[in-house]
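A.B. asks: My questions all concern the structure below.
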Amino acid sequence: MQNKLTIFLLSALFISSSFCQIEKLKWQKADVSYEKQIHDKKRNYSFESDNAGEFLAKSLANAYWFFISDVDGENCPFRPSCSSFLLQSAKETNIFQASLMFFDRFTRDMNLAKGHDHYPIVSSGHFYDPPHNYTLNQGRINYLPPSFIVDDE
Amino acid sequence: MRTILTIIFLIPLPVFSQSLAFDFHSPENIKKFADYLFCEGDYLRAIEQYDFLNQNLDNDTTEFKVMLGYSELGLFQKSNEIFKGVNHKSIFYPDAYLLSLKNKLLIEPQMIKDTSISSLDSFQLKSFCRLTTISMLYDDEFNIPEEKFISPFDEDERNSVLAFYDYKVEPKYKSPALAGVLSAIIPGSGKMYVSEWGDGITALVVTSLFAFLAYDNFNADHNTRAWIFTGLGAFFYAGNIYGSVASAQIFNARIDFEFNDGLKFFLKQRNYFLPEYDFCK
């Protein structure tokens, strides 16, 4: 009985000395959220456009998405995908220039060795190849080395 | 007896383990703690502690350490704001001045046009000369003879500095116009010219294939198919010329990027020619 009392006393004193907090503030739980945000990339099938060229590009992209891509699955190794590249190009330039940019992109897509030390990688694993690098406006080029990893936003 | 002894022995533990009698928040102890944090590289908390000092025990050293701390944290603007308050008569003023130049270069890569100050010793003056000279590389109208440019640098630095000099004087750019013309003559050759061999060969194969299909279908009187292949081939051909010009521009952007990145790495390796300050010995 005496031994038990000693052990109890020892434990109580040890705990009180170890965990006593003389600081004014007590430790508080951190308000941290571990929720991972998911960027839901739903396709925008609307035909909203600023001009006729953009409307044409949007129509082509919508048709491709609806009849081919949604059925076949997403296979483009690039980000933005080739269809989105055409849309963004049409928005940034005009339909004629966007067509040339698209065919150049399509040729680069067919290159079997495109993955070799060429494009920076998006965190999702795709090759990052934004249209603003191809508008022929030197000031708009944002060169990123292949070792760079772009956040998938 | 044993129990009593144990209790007597253990009572002082909770009572005196962390007594309030010891003033953790005295200026001396705050400074000691701040110095400790600074030496541990925890600059943010060190600066916070130095700020608690206010006027107590605040001196030239702590002021410079705060400036250095902000610079190490990448808050170069903030660091230079501290510099504005540094007394010109302070023994740290020359060091703070050099640090402010480093910060300036890190805020925006540009040619340093500041003049030397009289309080710089010979070593600091050498650092100043090297820093201002290397910053000339960021000037768009760079025009300085090679001998003069490399003169402030040590023997072991000269090769690297010379490489940057050559890079600046004769950047290995590719001509976008030539890339376009080459691709117009032989599809894909413009891409090959800018070292995009894979894209170049693909462009050559694809354009040739559509040209052949168009030719073959015209020969076989399949005019509709022939015109479809002609149209596709024409788009691939034109797209490749356009892409070659764009690729040459991207190639040139890569040259600039590598130059700036290499220079930044070189300067970082040498701490922007500033001495390593050791306040922790």
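Residues are referred to by chain and number: the chain letter is A, B, ... according to the order shown in the structure tokens, the number counts from 1 in that chain, and ligands are numbered separately from 1 in the order shown.
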What's around Phe85 (chain A) at 8 Å? Count only C-alpha atoms, leave out sequence neighbours fewer than 4 positions away in its own chain, and write the answer as an NGL selection string.

C.D. replies: :A and (80-81 or 89 or 102 or 130-131)

A.B. asks: Using only C-alpha atoms, select each residue of chain A with any atom at most 9 Å away from an atom of chain B, and give the selection as a PyMOL selection string.

C.D. replies: chain A and resi 2-3+5-6+9-10+13-14+16-18+20-22+97+99-114+118+133-138+141-145

A.B. asks: I'd like to know which of B:Ile30, B:Val194, B:Leu274, B:Met67 is closest to Gly85 (chain B), using only C-alpha atoms.

C.D. replies: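 Between B:Ile30, B:Val194, B:Leu274, B:Met67, the residue approaching Gly85 (chain B) most closely is B:Met67.
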
A.B. asks: For Asp151 (chain A), please output as a PyMOL selection string all residues within 12 Å (counting only C-alpha atoms; exclusion window: fewer than 3 positions along the same chain).

C.D. replies: chain A and resi 39+79+120-128+148

A.B. asks: Write the residues of the preceding selection, restricted to C-alpha atoms, as a PDB file, in the first residue's frame.

C.D. replies:
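What landed in part_7.pdb:
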ATOM      1  CA  HIS A  39      -9.873  22.296 -59.010  1.00  0.00           C
ATOM      2  CA  ARG A  79      -1.451  21.777 -70.725  1.00  0.00           C
ATOM      3  CA  PRO A 120       8.425  22.254 -68.122  1.00  0.00           C
ATOM      4  CA  ILE A 121       6.132  19.773 -66.437  1.00  0.00           C
ATOM      5  CA  VAL A 122       2.803  20.595 -64.830  1.00  0.00           C
ATOM      6  CA  SER A 123       2.321  18.961 -61.424  1.00  0.00           C
ATOM      7  CA  SER A 124      -0.331  16.743 -63.050  1.00  0.00           C
ATOM      8  CA  GLY A 125       2.397  15.308 -65.302  1.00  0.00           C
ATOM      9  CA  HIS A 126       1.513  17.138 -68.523  1.00  0.00           C
ATOM     10  CA  PHE A 127       3.867  19.297 -70.591  1.00  0.00           C
ATOM     11  CA  TYR A 128       3.365  22.992 -69.967  1.00  0.00           C
ATOM     12  CA  PHE A 148      10.620  23.668 -63.727  1.00  0.00           C
TER      13      PHE A 148
END

A.B. asks: Skipping near chain neighbours, those fewer than 4 positions away, what residues fall within 12 Å of Lys91 (chain A) using only C-alpha atoms, listed as a PDB file with N, CA and C atoms, in the first residue's frame?

C.D. replies:
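Output file selection_26.pdb follows:
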ATOM      1  N   GLU A  48     -20.132  31.574 -75.856  1.00  0.00           N
ATOM      2  CA  GLU A  48     -19.818  32.992 -75.595  1.00  0.00           C
ATOM      3  C   GLU A  48     -18.494  33.370 -76.239  1.00  0.00           C
ATOM      4  N   SER A  49     -18.520  34.378 -77.073  1.00  0.00           N
ATOM      5  CA  SER A  49     -17.300  34.797 -77.776  1.00  0.00           C
ATOM      6  C   SER A  49     -17.320  36.303 -77.990  1.00  0.00           C
ATOM      7  N   ASP A  50     -16.137  36.848 -78.160  1.00  0.00           N
ATOM      8  CA  ASP A  50     -16.036  38.296 -78.369  1.00  0.00           C
ATOM      9  C   ASP A  50     -16.086  38.667 -79.849  1.00  0.00           C
ATOM     10  N   ASN A  51     -15.738  37.717 -80.707  1.00  0.00           N
ATOM     11  CA  ASN A  51     -15.747  38.013 -82.143  1.00  0.00           C
ATOM     12  C   ASN A  51     -16.042  36.738 -82.931  1.00  0.00           C
ATOM     13  N   ALA A  52     -16.166  36.898 -84.240  1.00  0.00           N
ATOM     14  CA  ALA A  52     -16.549  35.768 -85.091  1.00  0.00           C
ATOM     15  C   ALA A  52     -15.496  34.663 -85.083  1.00  0.00           C
ATOM     16  N   GLY A  53     -14.229  35.081 -85.074  1.00  0.00           N
ATOM     17  CA  GLY A  53     -13.135  34.108 -85.074  1.00  0.00           C
ATOM     18  C   GLY A  53     -13.159  33.245 -83.828  1.00  0.00           C
ATOM     19  N   GLU A  54     -13.371  33.907 -82.700  1.00  0.00           N
ATOM     20  CA  GLU A  54     -13.415  33.179 -81.434  1.00  0.00           C
ATOM     21  C   GLU A  54     -14.628  32.246 -81.402  1.00  0.00           C
ATOM     22  N   PHE A  55     -15.731  32.717 -82.008  1.00  0.00           N
ATOM     23  CA  PHE A  55     -16.948  31.899 -82.070  1.00  0.00           C
ATOM     24  C   PHE A  55     -16.690  30.631 -82.890  1.00  0.00           C
ATOM     25  N   LEU A  56     -15.960  30.799 -83.988  1.00  0.00           N
ATOM     26  CA  LEU A  56     -15.638  29.650 -84.843  1.00  0.00           C
ATOM     27  C   LEU A  56     -14.764  28.653 -84.077  1.00  0.00           C
ATOM     28  N   ALA A  57     -13.745  29.176 -83.414  1.00  0.00           N
ATOM     29  CA  ALA A  57     -12.846  28.308 -82.633  1.00  0.00           C
ATOM     30  C   ALA A  57     -13.621  27.601 -81.528  1.00  0.00           C
ATOM     31  N   LYS A  58     -14.510  28.325 -80.869  1.00  0.00           N
ATOM     32  CA  LYS A  58     -15.303  27.749 -79.772  1.00  0.00           C
ATOM     33  C   LYS A  58     -16.212  26.648 -80.291  1.00  0.00           C
ATOM     34  N   SER A  84      -7.951  23.544 -76.032  1.00  0.00           N
ATOM     35  CA  SER A  84      -7.924  24.759 -75.202  1.00  0.00           C
ATOM     36  C   SER A  84      -6.880  25.743 -75.724  1.00  0.00           C
ATOM     37  N   PHE A  85      -5.790  25.203 -76.261  1.00  0.00           N
ATOM     38  CA  PHE A  85      -4.729  26.034 -76.842  1.00  0.00           C
ATOM     39  C   PHE A  85      -5.298  26.857 -78.000  1.00  0.00           C
ATOM     40  N   LEU A  86      -6.115  26.213 -78.827  1.00  0.00           N
ATOM     41  CA  LEU A  86      -6.736  26.915 -79.963  1.00  0.00           C
ATOM     42  C   LEU A  86      -7.660  28.029 -79.455  1.00  0.00           C
ATOM     43  N   LEU A  87      -8.443  27.696 -78.429  1.00  0.00           N
ATOM     44  CA  LEU A  87      -9.369  28.704 -77.882  1.00  0.00           C
ATOM     45  C   LEU A  87      -8.616  29.896 -77.295  1.00  0.00           C
ATOM     46  N   ILE A  95      -8.240  34.589 -85.433  1.00  0.00           N
ATOM     47  CA  ILE A  95      -8.499  33.207 -85.847  1.00  0.00           C
ATOM     48  C   ILE A  95      -7.436  32.699 -86.826  1.00  0.00           C
ATOM     49  N   PHE A  96      -6.911  33.590 -87.653  1.00  0.00           N
ATOM     50  CA  PHE A  96      -5.899  33.157 -88.625  1.00  0.00           C
ATOM     51  C   PHE A  96      -4.601  32.766 -87.897  1.00  0.00           C
ATOM     52  N   GLN A  97      -4.143  33.671 -87.031  1.00  0.00           N
ATOM     53  CA  GLN A  97      -2.911  33.393 -86.277  1.00  0.00           C
ATOM     54  C   GLN A  97      -3.115  32.182 -85.355  1.00  0.00           C
ATOM     55  N   ALA A  98      -4.322  32.111 -84.752  1.00  0.00           N
ATOM     56  CA  ALA A  98      -4.616  30.990 -83.852  1.00  0.00           C
ATOM     57  C   ALA A  98      -4.554  29.662 -84.605  1.00  0.00           C
ATOM     58  N   SER A  99      -5.008  29.656 -85.880  1.00  0.00           N
ATOM     59  CA  SER A  99      -4.951  28.420 -86.677  1.00  0.00           C
ATOM     60  C   SER A  99      -3.506  27.991 -86.906  1.00  0.00           C
ATOM     61  N   PRO A 131      -0.053  29.295 -74.781  1.00  0.00           N
ATOM     62  CA  PRO A 131      -0.070  29.988 -76.079  1.00  0.00           C
ATOM     63  C   PRO A 131       0.645  31.334 -76.080  1.00  0.00           C
ATOM     64  N   HIS A 132       0.747  31.998 -74.898  1.00  0.00           N
ATOM     65  CA  HIS A 132       1.360  33.340 -74.917  1.00  0.00           C
ATOM     66  C   HIS A 132       2.830  33.315 -75.342  1.00  0.00           C
ATOM     67  N   THR A 135       2.877  33.922 -79.531  1.00  0.00           N
ATOM     68  CA  THR A 135       2.143  35.010 -80.204  1.00  0.00           C
ATOM     69  C   THR A 135       3.062  35.885 -81.064  1.00  0.00           C
TER      70      THR A 135
END

A.B. asks: Can you check which residues of region 116-206 of chain B DSSP gives as alpha helix (DSSP H) on the backbone and send them as a PyMOL selection string?

C.D. replies: chain B and resi 122-135+146-150+155-169+176-185+189-193+197-206

A.B. asks: By how many Å are CA of Tyr50 (chain B) and CA of Lys78 (chain B) apart?

C.D. replies: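 Those two atoms sit 15.1 Å apart.
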
A.B. asks: Could you list, as an NGL selection string, every residue within 10 Å of Asp140 (chain B), counting only C-alpha atoms and ignoring same-chain residues fewer than 6 positions away?

C.D. replies: :B and (110-111 or 168)

A.B. asks: Expressed in Å to a single decimal, how great is the separation between CA of Gly262 (chain B) and CA of Gly41 (chain B)?

C.D. replies: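 Value for the CA of Gly262 (chain B)-CA of Gly41 (chain B) distance: 26.1 Å.
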